[in-house]
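> This is the structure I have questions about; it appears just below.
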Amino acid sequence: MDIARTPATPDGNPQMADAAPEPKEPPLIRRADYRPFPWLVPEVSLDFRLGLANTRVKATLTVHRNAKAEPNPMIRLNGDGLTPLEVLVDGQPINSWSMDGDDLMVPLPGDSHLLEVTTEIDPSANSKLMGLYASNGMLCTQCEAEGFRRIVFFPDRPDVLSTYKVRMEGPKDQFPVLLSNGNEVATGEADDGVHWAEWHDPWPKPSYLFALVAGDLVANRHTFTTMSGRKVDLGIWVRDGDLERTDHAMQSLKHSMKWDEETFGREYDLDTFNIVAVSDFNMGAMENKGLNIFNTKYVLADTETATDGDYDGIEGVIGHEYFHNWSGDRVTCRDWFQLSLKEGFTVLRDQLFSADMGSEPVKRIEDVRVLRSVQFPEDSGPLAHPIRPDSYQEISNFYTATVYNKGAEVIRMMRTLAGPERFRKGTDHYFESHDGEAATCEDFIEAIEEGAGLDLKQFRLWYSQAGTPKVSVVLEHGGDTATLILSQTVPPTPGQPDKKPMPIPLKVALFDRKTGKHHGEQLVTLNEAQQSFSFTGFTEPPVLSINRTFSAPVAIEREVSNDDLVFLAAHDDDPFARYEAMQDLVVRHLCALLSGSLDDKARDAGREAIGAAFAAVLGDGQLDDLMRGELLILPGETYLAEQMLVADPAAIRAEREGLKAWLGTRLESEFASLHAGASAVPTTRDAAAKGARKVKTQALVYLAAGVPGRAAEMAAAQYDAADNMTDRQGALMVLTGLQTPERTHKLLDFYNRFRGNALVIDKWFALQASSLHPSVLEQVKALAEHPDFTLKNPNRVRSLYMPFTGTAQGFHAASGEGYRIIADLILALDPLNPQTAARFVTPLGRWRRLEPGRAALMRGELERIAAAPKLSRDTYEQVTRSLG
Ligand code: TRP
Ligand code: ZN
């Protein structure tokens, strides 16, 4: 193609035509098509003239021909909605540039050039929250994955690494604080109340890690001294009134920095580390080099307004973004198919950090619960993909539980196979050998193989095969030998009908029924479709504990008696396995009830077994309350639905609530005394007090199901006595599910008490939208009309509609109205914020696994969305994949 012949017009787009173009299928980007970029861009200099509605940017790029790539006489600079105002090559204005769609094509005759391109943008009109946008009068950026191209024309791909110099100028009264990546090198005042700042980041980075913030902000400042004795200035930047709520974030940051030095040998590498909290944000937070930008939800906390869960979330996300400084920034990704290279590894790092800061087993149980309730359904549904995908239309759709959480599990298995010390040798080798590079998942695996001394040839299948493996387990016994017979199948997923067996590391222990002790935990690895393992020294058939600590992200299938599960729930010395036995007991019981295979007598026997296990947990003086709280959580409705080929959400809800009510009635006095004891514990941030708060609300949850009148009184009293958000939110959650006058009183009190605090008002929406109340659907419709509701703020949208997708009586209403509400939301939100809109397609993708009536209604809503004109790439891709 002769690009030089394309007429270059001042507005640059040769494709402009009179007739509206046919909507065309967005191209499929394939991993196999990766080619290195023909040009290197070692240095970038950005000059910003800032204004909320008009920002002018001049980008200066030094470019050299890339000797390792196929030569090309043009450079493609990605753009998204930009118009070039001026293009200069080596200081001379040129007009030989052209547009290819949104991209700017510039012919470059030589081997090295200086390229200058000026653009103008309107941040106040940027509702997608990608690129440079305005939020509450401040300006901020979000560039991952492809937002930088909404600011300036640039090779916006993660394998182009540059050092950045950034100069910003703007009105001082409006933007007193000017921040960017790296270190501040100069500041000054110009005329007419304009001031400027220059920042320099010495570390080469891809464009997705660029960040800029300009606004009226205040900082919580501290310092951290690194292991080699360098002093780092830390700043957490928020709006004026929020400063008092930043202490926990600061503590979490310091703990993260210290922990990464001690656990992974990673030291911070700049003189400054800044965090900025923004209230309009599409995700949790972003790891921009030296300037992390956070959703306010993961920064602001005090006892009055944040729950214990919020505190843990802040610690985890602060850690996550900080750890990206090495796993993501110093070593970045070659292309977006390698996303799990940084995200899977960094999630594992943040999980290990949180475990070390608190309770390791409780953290493990929480992480497995998320995996099972979010990632397992993804892996068994229409959007299933490997942790390293092969193709995409819109990369934002691949920031998934599979890439993040299953990605973390896969690396955790490597750690289990190697042991922590050898794994550390592997990660040291990875960081040393790829520092400053854009690497691949393959590079990571090779580094672990070399550094840790593992053979991961077959293990690589975990990167390429989607689907949750099923492992069937049979334990035979004869003479003094127990034989474990394991077999695996990996289910077919879209585009992958046939699977190969994968290495599955399973921690097992065999318990002696009489002593209640096992003979030592062992790691067995199932490599083949079927394999047997023998254990001698058992004159009686032992009790099997398998997949301890959840050593592999698989579904275990086996015949096991209630007696054995009750035994493990009482005796297993692995707290995770103990939890697992309790869950298994309940899952089996509810699934049997739902399949209609239990008569009244069998149902009563099942309940009694569960009741006895619960009574043991309630009465166990050795257990700490944080763990007791975990053991008392019933398996969730989505996880239960996952156990069935086709599910009836209403039936699942009814049986699960029925069991809760039975337990609440049967163990009424036990729950009441648990609540009373926990209520006497003073409010502090230590583990015992946190555990007390957790079991306190759990006791209310069971009592609300069994003895609602009594529970309503207790919940109202807990609400009135609350001196912290955990107790207050817990009490209100219980009341919101009940039909009692206290419900209205306390909801109103809560709203008035916290009116104006956006994060707490989000809770107020979420509590109502997730409630067990029979009228949740009407309530959500009314809340959508509430003056505080807006489609413009992603936290607010998520707080109303995400919890709603979990309600059997609302989202899954037999009329289909719940599905219609979500489809309407997607259609209304898509033009404003496609990234957030597309996230709501997932719950509608479950139709194949629902009973036929609801399946047809759900599918109908997907078809209605698909038929809408001008869908975003984000939503289009998710809807077409969901329809399959
Ligand atoms: N890299 C971020 C993280 O894992 C994720 C992220 C933040 C993101 N904002 C985004 C991804 C916007 C896509 C789009 O911490
Ligand atoms: Zn991340």
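By convention in this document, the chains of the structure tokens carry letters A, B, ... by their order, each chain's residues are numbered from 1, and ligands are numbered from 1 in the order they are shown.
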Collect all residues with atoms no farther than 10 Å from ligand 2, counting only C-alpha atoms and all ligand atoms, and output them as a count of residues only.
24
> Report the residues of stretch 278-325 of chain A whose backbone DSSP state falls under strand (DSSP E or B), written as a ChimeraX atom specification.
/A:278,285-286,291-295
> Between A:Lys363, A:Arg728, A:Arg628, A:Arg588, single out the one closest to A:Ala699, counting only C-alpha atoms.
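Closest residue, counting only C-alpha atoms: A:Arg628.
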> What is the distance between atom CA of A:Met250 and atom CA of A:Ile236, in Å to one decimal?
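The value is 7.1 Å.
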> Using only C-alpha atoms, which residues sit within 6 Å of A:Arg31 once same-chain residues fewer than 3 positions away are excluded, as a list in words?
Tyr34, Asp390 and Ser391 of chain A
> With all heavy atoms retained, could you export that selection as an mmCIF file, in the first residue's frame?

```cif
data_model
loop_
_atom_site.group_PDB
_atom_site.id
_atom_site.type_symbol
_atom_site.label_atom_id
_atom_site.label_comp_id
_atom_site.auth_asym_id
_atom_site.auth_seq_id
_atom_site.Cartn_x
_atom_site.Cartn_y
_atom_site.Cartn_z
ATOM 1 N N TYR A 34 1.989 -10.933 17.193
ATOM 2 C CA TYR A 34 2.915 -9.949 17.783
ATOM 3 C C TYR A 34 4.134 -9.719 16.883
ATOM 4 O O TYR A 34 4.758 -10.661 16.408
ATOM 5 C CB TYR A 34 3.412 -10.397 19.168
ATOM 6 C CG TYR A 34 4.496 -9.463 19.675
ATOM 7 C CD1 TYR A 34 4.167 -8.250 20.261
ATOM 8 C CD2 TYR A 34 5.854 -9.777 19.499
ATOM 9 C CE1 TYR A 34 5.156 -7.364 20.681
ATOM 10 C CE2 TYR A 34 6.848 -8.895 19.914
ATOM 11 C CZ TYR A 34 6.489 -7.687 20.505
ATOM 12 O OH TYR A 34 7.470 -6.809 20.910
ATOM 13 N N ASP A 390 -5.591 -15.780 23.920
ATOM 14 C CA ASP A 390 -5.043 -15.868 22.564
ATOM 15 C C ASP A 390 -5.520 -14.733 21.671
ATOM 16 O O ASP A 390 -4.888 -14.446 20.649
ATOM 17 C CB ASP A 390 -5.432 -17.211 21.925
ATOM 18 C CG ASP A 390 -4.747 -18.361 22.631
ATOM 19 O OD1 ASP A 390 -3.521 -18.261 22.860
ATOM 20 O OD2 ASP A 390 -5.429 -19.342 23.000
ATOM 21 N N SER A 391 -6.666 -14.129 22.002
ATOM 22 C CA SER A 391 -7.181 -13.048 21.164
ATOM 23 C C SER A 391 -8.158 -12.187 21.970
ATOM 24 O O SER A 391 -8.682 -12.638 22.992
ATOM 25 C CB SER A 391 -7.902 -13.622 19.943
ATOM 26 O OG SER A 391 -9.034 -14.356 20.359
#
```
